[in-house]
file start35.pdb (PDB, C-alpha atoms, pLDDT in the B column)
ATOM      1  CA  MET A   1      -0.279  36.675 -70.493  1.00 64.00           C
ATOM      2  CA  VAL A   2      -2.612  37.069 -67.530  1.00 69.00           C
ATOM      3  CA  ASP A   3      -5.598  37.751 -69.801  1.00 82.00           C
ATOM      4  CA  LEU A   4      -5.353  34.232 -71.183  1.00 91.00           C
ATOM      5  CA  PHE A   5      -5.896  32.736 -67.713  1.00 90.00           C
ATOM      6  CA  VAL A   6      -7.759  35.487 -65.854  1.00 82.00           C
ATOM      7  CA  ASP A   7     -10.848  33.316 -65.243  1.00 85.00           C
ATOM      8  CA  CYS A   8      -8.909  30.099 -64.633  1.00 91.00           C
ATOM      9  CA  VAL A   9      -7.650  28.221 -61.625  1.00 95.00           C
ATOM     10  CA  LEU A  10      -4.030  27.196 -62.045  1.00 96.00           C
ATOM     11  CA  VAL A  11      -2.812  24.400 -59.798  1.00 97.00           C
ATOM     12  CA  LYS A  12       0.729  24.011 -58.467  1.00 96.00           C
ATOM     13  CA  ASN A  13       2.363  20.630 -58.964  1.00 96.00           C
ATOM     14  CA  ASN A  14       3.337  20.318 -55.314  1.00 94.00           C
ATOM     15  CA  LYS A  15       2.260  17.957 -52.555  1.00 92.00           C
ATOM     16  CA  ASP A  16      -0.747  20.051 -51.530  1.00 94.00           C
ATOM     17  CA  GLN A  17      -1.609  21.081 -55.099  1.00 95.00           C
ATOM     18  CA  ASP A  18      -2.139  24.690 -54.047  1.00 95.00           C
ATOM     19  CA  GLU A  19      -4.378  26.744 -56.305  1.00 95.00           C
ATOM     20  CA  LEU A  20      -3.736  30.109 -57.910  1.00 94.00           C
ATOM     21  CA  ASP A  21      -7.293  31.363 -58.211  1.00 87.00           C
ATOM     22  CA  THR A  22      -7.013  35.143 -58.049  1.00 90.00           C
ATOM     23  CA  GLU A  23      -5.871  37.569 -60.720  1.00 90.00           C
ATOM     24  CA  ARG A  24      -3.142  38.848 -58.396  1.00 92.00           C
ATOM     25  CA  GLU A  25      -1.693  35.369 -57.787  1.00 93.00           C
ATOM     26  CA  ILE A  26      -1.754  34.511 -61.478  1.00 93.00           C
ATOM     27  CA  THR A  27      -0.200  37.859 -62.377  1.00 91.00           C
ATOM     28  CA  LEU A  28       2.661  37.371 -59.923  1.00 91.00           C
ATOM     29  CA  ARG A  29       3.353  33.904 -61.346  1.00 92.00           C
ATOM     30  CA  LEU A  30       3.106  34.673 -65.073  1.00 92.00           C
ATOM     31  CA  GLN A  31       3.782  38.363 -65.645  1.00 90.00           C
ATOM     32  CA  ASN A  32       6.855  39.211 -67.729  1.00 91.00           C
ATOM     33  CA  ARG A  33       7.660  35.544 -68.283  1.00 94.00           C
ATOM     34  CA  ILE A  34       7.942  33.263 -71.251  1.00 96.00           C
ATOM     35  CA  LEU A  35       5.297  30.562 -70.868  1.00 97.00           C
ATOM     36  CA  MET A  36       5.608  26.962 -72.024  1.00 98.00           C
ATOM     37  CA  LEU A  37       2.287  25.209 -72.614  1.00 98.00           C
ATOM     38  CA  PHE A  38       2.962  21.496 -72.528  1.00 98.00           C
ATOM     39  CA  PHE A  39       0.233  19.492 -74.263  1.00 98.00           C
ATOM     40  CA  ALA A  40       0.611  15.793 -73.527  1.00 98.00           C
ATOM     41  CA  SER A  41      -1.005  12.635 -72.255  1.00 97.00           C
ATOM     42  CA  ALA A  42       0.137   9.768 -70.057  1.00 96.00           C
ATOM     43  CA  ALA A  43      -1.221   7.361 -72.678  1.00 96.00           C
ATOM     44  CA  CYS A  44       1.171   8.791 -75.277  1.00 96.00           C
ATOM     45  CA  GLU A  45       4.430   6.819 -75.383  1.00 96.00           C
ATOM     46  CA  THR A  46       6.334   9.670 -77.051  1.00 97.00           C
ATOM     47  CA  CYS A  47       5.147  12.019 -74.300  1.00 98.00           C
ATOM     48  CA  GLN A  48       6.467   9.617 -71.695  1.00 97.00           C
ATOM     49  CA  GLN A  49       9.852   9.531 -73.434  1.00 97.00           C
ATOM     50  CA  PHE A  50      10.025  13.326 -73.763  1.00 98.00           C
ATOM     51  CA  ALA A  51       8.921  14.142 -70.195  1.00 98.00           C
ATOM     52  CA  PRO A  52      12.351  13.543 -68.526  1.00 97.00           C
ATOM     53  CA  THR A  53      14.040  15.750 -71.130  1.00 97.00           C
ATOM     54  CA  LEU A  54      11.557  18.556 -70.544  1.00 98.00           C
ATOM     55  CA  HIS A  55      11.822  18.136 -66.777  1.00 97.00           C
ATOM     56  CA  ASN A  56      15.608  18.441 -66.939  1.00 97.00           C
ATOM     57  CA  PHE A  57      15.365  21.401 -69.338  1.00 97.00           C
ATOM     58  CA  PHE A  58      13.108  23.374 -67.002  1.00 97.00           C
ATOM     59  CA  LYS A  59      15.065  22.421 -63.887  1.00 95.00           C
ATOM     60  CA  LYS A  60      18.394  23.605 -65.307  1.00 95.00           C
ATOM     61  CA  LEU A  61      16.853  26.989 -66.079  1.00 96.00           C
ATOM     62  CA  THR A  62      14.977  27.556 -62.826  1.00 95.00           C
ATOM     63  CA  ASP A  63      16.703  25.573 -60.077  1.00 92.00           C
ATOM     64  CA  GLU A  64      19.158  27.585 -57.951  1.00 86.00           C
ATOM     65  CA  PHE A  65      21.540  24.630 -58.000  1.00 88.00           C
ATOM     66  CA  TYR A  66      22.127  25.281 -61.709  1.00 89.00           C
ATOM     67  CA  VAL A  67      21.604  29.038 -62.078  1.00 88.00           C
ATOM     68  CA  GLU A  68      22.383  32.114 -60.032  1.00 86.00           C
ATOM     69  CA  ARG A  69      18.920  33.438 -60.754  1.00 88.00           C
ATOM     70  CA  ALA A  70      15.926  31.563 -62.139  1.00 91.00           C
ATOM     71  CA  ALA A  71      15.001  32.209 -65.759  1.00 92.00           C
ATOM     72  CA  GLN A  72      11.857  34.190 -66.493  1.00 93.00           C
ATOM     73  CA  LEU A  73      10.092  31.037 -67.543  1.00 95.00           C
ATOM     74  CA  ALA A  74       6.801  29.411 -66.536  1.00 96.00           C
ATOM     75  CA  PHE A  75       5.577  25.870 -67.227  1.00 97.00           C
ATOM     76  CA  LEU A  76       1.911  24.912 -67.591  1.00 98.00           C
ATOM     77  CA  TYR A  77       0.840  21.346 -68.268  1.00 98.00           C
ATOM     78  CA  ILE A  78      -2.283  21.076 -70.426  1.00 98.00           C
ATOM     79  CA  SER A  79      -3.443  17.521 -69.865  1.00 97.00           C
ATOM     80  CA  LEU A  80      -5.146  15.693 -72.702  1.00 97.00           C
ATOM     81  CA  ASP A  81      -5.454  12.605 -70.540  1.00 95.00           C
ATOM     82  CA  GLU A  82      -8.557  10.425 -70.681  1.00 93.00           C
ATOM     83  CA  SER A  83      -8.858  10.139 -66.901  1.00 96.00           C
ATOM     84  CA  GLU A  84      -7.893  11.986 -63.750  1.00 96.00           C
ATOM     85  CA  GLU A  85      -5.781   8.991 -62.719  1.00 96.00           C
ATOM     86  CA  GLN A  86      -3.690   9.359 -65.878  1.00 96.00           C
ATOM     87  CA  LEU A  87      -3.216  13.068 -65.198  1.00 97.00           C
ATOM     88  CA  GLU A  88      -2.110  12.450 -61.616  1.00 96.00           C
ATOM     89  CA  SER A  89       0.283   9.751 -62.772  1.00 96.00           C
ATOM     90  CA  PHE A  90       1.890  11.960 -65.407  1.00 97.00           C
ATOM     91  CA  LEU A  91       2.319  14.896 -62.990  1.00 97.00           C
ATOM     92  CA  LYS A  92       4.921  12.818 -61.157  1.00 96.00           C
ATOM     93  CA  GLU A  93       7.133  13.079 -64.243  1.00 96.00           C
ATOM     94  CA  LEU A  94       6.929  16.887 -64.335  1.00 97.00           C
ATOM     95  CA  PRO A  95       8.809  19.592 -62.377  1.00 95.00           C
ATOM     96  CA  LYS A  96       7.521  20.541 -58.943  1.00 94.00           C
ATOM     97  CA  LYS A  97       7.532  24.187 -59.984  1.00 94.00           C
ATOM     98  CA  SER A  98       5.197  23.530 -62.892  1.00 97.00           C
ATOM     99  CA  LEU A  99       1.505  24.409 -63.001  1.00 97.00           C
ATOM    100  CA  PHE A 100      -1.427  22.522 -64.492  1.00 98.00           C
ATOM    101  CA  LEU A 101      -5.139  22.751 -65.183  1.00 97.00           C
ATOM    102  CA  ALA A 102      -7.370  20.389 -63.240  1.00 96.00           C
ATOM    103  CA  TYR A 103      -8.838  17.446 -65.113  1.00 96.00           C
ATOM    104  CA  GLU A 104     -12.386  18.781 -64.773  1.00 96.00           C
ATOM    105  CA  ASP A 105     -11.423  22.156 -66.255  1.00 96.00           C
ATOM    106  CA  PRO A 106     -12.913  22.369 -69.798  1.00 96.00           C
ATOM    107  CA  TYR A 107     -10.415  25.102 -70.665  1.00 96.00           C
ATOM    108  CA  ARG A 108      -7.881  22.341 -71.417  1.00 97.00           C
ATOM    109  CA  ARG A 109      -9.721  21.467 -74.627  1.00 96.00           C
ATOM    110  CA  GLU A 110     -10.274  25.108 -75.494  1.00 96.00           C
ATOM    111  CA  LEU A 111      -6.540  25.725 -75.360  1.00 97.00           C
ATOM    112  CA  GLU A 112      -5.945  22.652 -77.496  1.00 97.00           C
ATOM    113  CA  ALA A 113      -8.194  24.120 -80.194  1.00 97.00           C
ATOM    114  CA  MET A 114      -6.903  27.678 -79.705  1.00 96.00           C
ATOM    115  CA  PHE A 115      -3.311  26.659 -80.436  1.00 97.00           C
ATOM    116  CA  ASN A 116      -4.261  24.118 -83.081  1.00 96.00           C
ATOM    117  CA  VAL A 117      -2.453  21.230 -81.417  1.00 97.00           C
ATOM    118  CA  GLN A 118      -2.035  18.502 -84.038  1.00 95.00           C
ATOM    119  CA  GLN A 119       0.340  16.092 -82.336  1.00 96.00           C
ATOM    120  CA  LEU A 120       1.600  15.042 -78.935  1.00 97.00           C
ATOM    121  CA  PRO A 121       3.768  16.072 -77.307  1.00 98.00           C
ATOM    122  CA  THR A 122       3.564  19.772 -78.164  1.00 98.00           C
ATOM    123  CA  VAL A 123       5.277  22.625 -76.328  1.00 98.00           C
ATOM    124  CA  VAL A 124       3.811  25.978 -77.345  1.00 98.00           C
ATOM    125  CA  VAL A 125       6.102  28.829 -76.289  1.00 97.00           C
ATOM    126  CA  LEU A 126       4.370  32.145 -75.631  1.00 96.00           C
ATOM    127  CA  ARG A 127       5.767  35.633 -75.212  1.00 94.00           C
ATOM    128  CA  PRO A 128       4.654  37.656 -72.165  1.00 92.00           C
ATOM    129  CA  ASP A 129       2.023  39.353 -74.383  1.00 90.00           C
ATOM    130  CA  CYS A 130       0.520  35.904 -75.223  1.00 90.00           C
ATOM    131  CA  SER A 131       1.683  35.928 -78.826  1.00 94.00           C
ATOM    132  CA  ILE A 132       3.157  32.670 -80.100  1.00 96.00           C
ATOM    133  CA  LEU A 133       6.942  32.555 -80.089  1.00 96.00           C
ATOM    134  CA  ILE A 134       7.259  28.912 -81.193  1.00 96.00           C
ATOM    135  CA  PRO A 135       4.275  26.723 -82.193  1.00 97.00           C
ATOM    136  CA  ASN A 136       6.044  23.539 -81.086  1.00 98.00           C
ATOM    137  CA  ALA A 137       9.464  23.645 -79.400  1.00 98.00           C
ATOM    138  CA  VAL A 138       9.843  19.907 -78.753  1.00 98.00           C
ATOM    139  CA  GLU A 139      12.553  19.354 -81.384  1.00 97.00           C
ATOM    140  CA  GLU A 140      14.444  22.516 -80.377  1.00 97.00           C
ATOM    141  CA  ILE A 141      14.443  21.510 -76.702  1.00 98.00           C
ATOM    142  CA  ILE A 142      15.750  18.042 -77.590  1.00 97.00           C
ATOM    143  CA  ARG A 143      18.417  19.443 -79.922  1.00 97.00           C
ATOM    144  CA  LEU A 144      19.673  22.483 -77.978  1.00 96.00           C
ATOM    145  CA  GLY A 145      18.645  21.902 -74.381  1.00 96.00           C
ATOM    146  CA  PRO A 146      18.724  24.943 -72.042  1.00 95.00           C
ATOM    147  CA  ASP A 147      20.696  26.962 -74.616  1.00 94.00           C
ATOM    148  CA  CYS A 148      17.534  27.554 -76.626  1.00 94.00           C
ATOM    149  CA  TYR A 149      16.165  29.715 -73.793  1.00 95.00           C
ATOM    150  CA  ARG A 150      18.650  32.436 -74.755  1.00 91.00           C
ATOM    151  CA  ASN A 151      17.124  32.510 -78.252  1.00 92.00           C
ATOM    152  CA  TRP A 152      13.632  32.732 -76.779  1.00 95.00           C
ATOM    153  CA  GLN A 153      14.719  35.484 -74.416  1.00 91.00           C
ATOM    154  CA  GLU A 154      16.082  37.631 -77.239  1.00 91.00           C
ATOM    155  CA  ALA A 155      13.119  36.978 -79.529  1.00 91.00           C
ATOM    156  CA  ALA A 156      10.657  37.796 -76.737  1.00 89.00           C
ATOM    157  CA  GLU A 157      12.644  40.962 -75.957  1.00 81.00           C
ATOM    158  CA  ILE A 158      13.078  40.039 -72.314  1.00 72.00           C
ATOM    159  CA  ILE A 159      16.262  41.597 -70.959  1.00 53.00           C
ATOM    160  CA  ASP A 160      17.747  39.743 -68.022  1.00 53.00           C
ATOM    161  CA  ARG A 161      21.515  40.038 -67.965  1.00 43.00           C
ATOM    162  CA  ASN A 162      21.659  38.418 -64.535  1.00 47.00           C
ATOM    163  CA  PHE A 163      20.702  35.063 -66.025  1.00 46.00           C
ATOM    164  CA  MET A 164      23.721  32.755 -66.170  1.00 44.00           C
ATOM    165  CA  ILE A 165      24.087  28.997 -66.304  1.00 49.00           C
ATOM    166  CA  SER A 166      26.114  27.750 -63.327  1.00 46.00           C
ATOM    167  CA  GLU A 167      29.013  26.467 -65.450  1.00 48.00           C
ATOM    168  CA  ASP A 168      29.547  30.023 -66.702  1.00 46.00           C
ATOM    169  CA  PHE A 169      28.914  31.566 -63.306  1.00 40.00           C
ATOM    170  CA  ALA A 170      31.344  29.449 -61.280  1.00 45.00           C
ATOM    171  CA  GLU A 171      34.545  30.868 -62.747  1.00 43.00           C
ATOM    172  CA  LYS A 172      33.282  34.450 -62.801  1.00 40.00           C
ATOM    173  CA  SER A 173      31.937  34.336 -59.267  1.00 38.00           C
ATOM    174  CA  MET A 174      35.274  33.104 -57.897  1.00 39.00           C
ATOM    175  CA  ARG A 175      37.047  35.872 -59.756  1.00 38.00           C
ATOM    176  CA  SER A 176      34.603  38.474 -58.513  1.00 38.00           C
ATOM    177  CA  PHE A 177      35.286  37.558 -54.863  1.00 37.00           C
ATOM    178  CA  SER A 178      39.059  37.926 -55.198  1.00 37.00           C
ATOM    179  CA  ASP A 179      39.276  40.854 -57.608  1.00 41.00           C
ATOM    180  CA  PRO A 180      38.305  43.662 -55.179  1.00 41.00           C
ATOM    181  CA  VAL A 181      40.837  42.463 -52.593  1.00 39.00           C
ATOM    182  CA  ARG A 182      43.533  42.111 -55.244  1.00 39.00           C
ATOM    183  CA  ARG A 183      42.796  45.559 -56.687  1.00 43.00           C
ATOM    184  CA  LEU A 184      42.935  47.132 -53.208  1.00 45.00           C
ATOM    185  CA  LYS A 185      46.251  45.366 -52.468  1.00 41.00           C
ATOM    186  CA  TYR A 186      47.833  46.643 -55.690  1.00 42.00           C
ATOM    187  CA  LYS A 187      46.450  50.131 -55.120  1.00 47.00           C
ATOM    188  CA  VAL A 188      48.041  50.350 -51.653  1.00 47.00           C
ATOM    189  CA  GLU A 189      51.341  48.990 -52.960  1.00 54.00           C
ATOM    190  CA  ASP A 190      51.347  51.472 -55.864  1.00 58.00           C
ATOM    191  CA  GLU A 191      50.669  54.358 -53.482  1.00 60.00           C
ATOM    192  CA  LYS A 192      53.568  53.278 -51.255  1.00 58.00           C
ATOM    193  CA  LYS A 193      55.927  53.066 -54.256  1.00 61.00           C
ATOM    194  CA  GLU A 194      54.827  56.507 -55.458  1.00 65.00           C
ATOM    195  CA  LYS A 195      55.489  58.058 -52.037  1.00 63.00           C
ATOM    196  CA  LYS A 196      58.972  56.501 -51.909  1.00 64.00           C
ATOM    197  CA  LYS A 197      59.805  57.900 -55.359  1.00 63.00           C
ATOM    198  CA  LYS A 198      58.693  61.417 -54.369  1.00 64.00           C
ATOM    199  CA  LYS A 199      60.653  61.242 -51.114  1.00 62.00           C
ATOM    200  CA  LYS A 200      63.783  60.094 -52.963  1.00 60.00           C
ATOM    201  CA  LYS A 201      63.514  62.928 -55.495  1.00 59.00           C
ATOM    202  CA  LYS A 202      63.187  65.508 -52.718  1.00 56.00           C
ATOM    203  CA  LYS A 203      66.293  64.163 -50.977  1.00 55.00           C
ATOM    204  CA  GLN A 204      68.246  64.286 -54.229  1.00 58.00           C
ATOM    205  CA  ARG A 205      67.227  67.900 -54.851  1.00 57.00           C
ATOM    206  CA  GLY A 206      68.049  68.879 -51.277  1.00 56.00           C
ATOM    207  CA  TRP A 207      71.516  67.288 -51.114  1.00 51.00           C
ATOM    208  CA  GLY A 208      72.645  67.483 -54.714  1.00 52.00           C
ATOM    209  CA  GLY A 209      72.181  71.222 -55.246  1.00 50.00           C
ATOM    210  CA  GLY A 210      69.997  73.094 -57.675  1.00 49.00           C
ATOM    211  CA  GLY A 211      66.473  72.145 -56.580  1.00 47.00           C
ATOM    212  CA  ASP A 212      63.210  74.015 -57.051  1.00 49.00           C
ATOM    213  CA  ASP A 213      62.716  77.232 -55.118  1.00 48.00           C
ATOM    214  CA  GLY A 214      61.190  76.808 -51.679  1.00 46.00           C
ATOM    215  CA  VAL A 215      61.350  72.989 -51.659  1.00 45.00           C
ATOM    216  CA  GLU A 216      61.536  71.641 -48.136  1.00 47.00           C
ATOM    217  CA  VAL A 217      63.789  68.603 -47.748  1.00 44.00           C
ATOM    218  CA  GLU A 218      64.760  66.335 -44.928  1.00 47.00           C
ATOM    219  CA  GLY A 219      67.860  67.482 -43.049  1.00 47.00           C
ATOM    220  CA  GLY A 220      68.051  70.776 -44.989  1.00 47.00           C
ATOM    221  CA  THR A 221      66.600  74.272 -45.260  1.00 44.00           C
ATOM    222  CA  ASP A 222      64.936  76.315 -47.986  1.00 48.00           C
ATOM    223  CA  ASP A 223      67.581  77.364 -50.536  1.00 46.00           C
ATOM    224  CA  LYS A 224      66.154  80.268 -52.477  1.00 45.00           C
ATOM    225  CA  GLU A 225      69.484  80.887 -54.195  1.00 47.00           C
ATOM    226  CA  GLY A 226      69.379  77.484 -55.835  1.00 49.00           C
ATOM    227  CA  GLY A 227      72.795  76.828 -54.282  1.00 49.00           C
ATOM    228  CA  GLY A 228      74.551  73.743 -53.044  1.00 48.00           C
ATOM    229  CA  SER A 229      75.085  72.194 -49.654  1.00 46.00           C
ATOM    230  CA  PRO A 230      72.916  73.398 -46.796  1.00 45.00           C
ATOM    231  CA  TRP A 231      76.107  73.515 -44.685  1.00 43.00           C
TER     232      TRP A 231
END
call {"tool": "encode", "arguments": {"input": "start35.pdb", "output": "structure tokens"}}
result
Amino acid sequence: MVDLFVDCVLVKNNKDQDELDTEREITLRLQNRILMLFFASAACETCQQFAPTLHNFFKKLTDEFYVERAAQLAFLYISLDESEEQLESFLKELPKKSLFLAYEDPYRRELEAMFNVQQLPTVVVLRPDCSILIPNAVEEIIRLGPDCYRNWQEAAEIIDRNFMISEDFAEKSMRSFSDPVRRLKYKVEDEKKEKKKKKKKKKQRGWGGGGDDGVEVEGGTDDKEGGGSPW
């Protein structure tokens, strides 16, 4: 994945538009992640309509409000806008955790040709090794929403069993908090019951006659003859 952007400057879609301009920074951001390349333009009406859906899709997979742990997913906007003003305007519709290429970066058009983008919007989904997982995932994202990430994860052979949508996590997390306490409570109670049973059996053997050899009982003595009352 890093090889595809090793000589690039990736820009964060935050207030300061911080740049990732070293191989180390880019590696930390993209390594072992599925990458979505979003080709779009502010002048495209369909792109404008799709942007909120894509924003919500990415947010539900990476925002801690929705998931216990963010999905191994990165988002890079490849602007095909005709002006820098259009690019800046469209960035407002995209997630704050997304990345983009600056308007003056010619690599935007190279990527467009590299992935043979024929229509807008297009979301090219890449495996961590840069191979194409899905040429255009727009329809799948609209149809399945965040659930399609699980399919991508399996197909890309990324194992992350800690990933869990919050709706699934809520019930399990509540159960996980109470289970250890409940198991400890039952364990202590079972141990107490077991001790009472053993104590009762010893008393019965000691007072009822005919116990095991050398068994020590409360209120009695060792009866090696196997006899009756200790009196």
call {"tool": "closest_residue", "arguments": {"input": "start35.pdb", "among": "A:Cys8, A:Cys148, A:Ile142, A:Leu111", "to": "Leu37 (chain A)", "atoms": "all atoms listed in the file"}}
result
A:Leu111
call {"tool": "residues_around", "arguments": {"input": "start35.pdb", "residues": "region 84-101 of chain A", "least_positions_apart": "6", "cutoff": "10 Å", "atoms": "only C-alpha atoms", "output": "PyMOL selection string"}}
result
chain A and resi 8-15+17-20+29+36-38+40-43+47-48+50-59+62-63+74-78+107-108
call {"tool": "atom_distance", "arguments": {"input": "start35.pdb", "atom1": "CA of Leu126 (chain A)", "atom2": "CA of Glu82 (chain A)"}}
result
25.8 Å
call {"tool": "residues_around", "arguments": {"input": "start35.pdb", "residues": "region 149-153 of chain A", "least_positions_apart": "4", "cutoff": "8 Å", "atoms": "only C-alpha atoms", "output": "PyMOL selection string"}}
result
chain A and resi 34+133+157-159
call {"tool": "atom_distance", "arguments": {"input": "start35.pdb", "atom1": "CA of Thr27 (chain A)", "atom2": "CA of Pro121 (chain A)"}}
result
26.7 Å
call {"tool": "atom_distance", "arguments": {"input": "start35.pdb", "atom1": "CA of Leu4 (chain A)", "atom2": "CA of Asn136 (chain A)"}}
result
18.5 Å
call {"tool": "axis_aligned_box", "arguments": {"input": "start35.pdb", "around": "region 134-148 of chain A", "padding_each_side": "5 Å", "output": "lines of an AutoDock Vina configuration file"}}
result
center_x = 12.5
center_y = 23.5
center_z = -77.1
size_x = 26.4
size_y = 20.9
size_z = 20.2
call {"tool": "residues_near_point", "arguments": {"input": "start35.pdb", "point": "(19.5, 25.4, -68.7)", "cutoff": "7 Å", "atoms": "all atoms listed in the file", "output": "PyMOL selection string"}}
result
chain A and resi 57-58+60-61+145-147+165
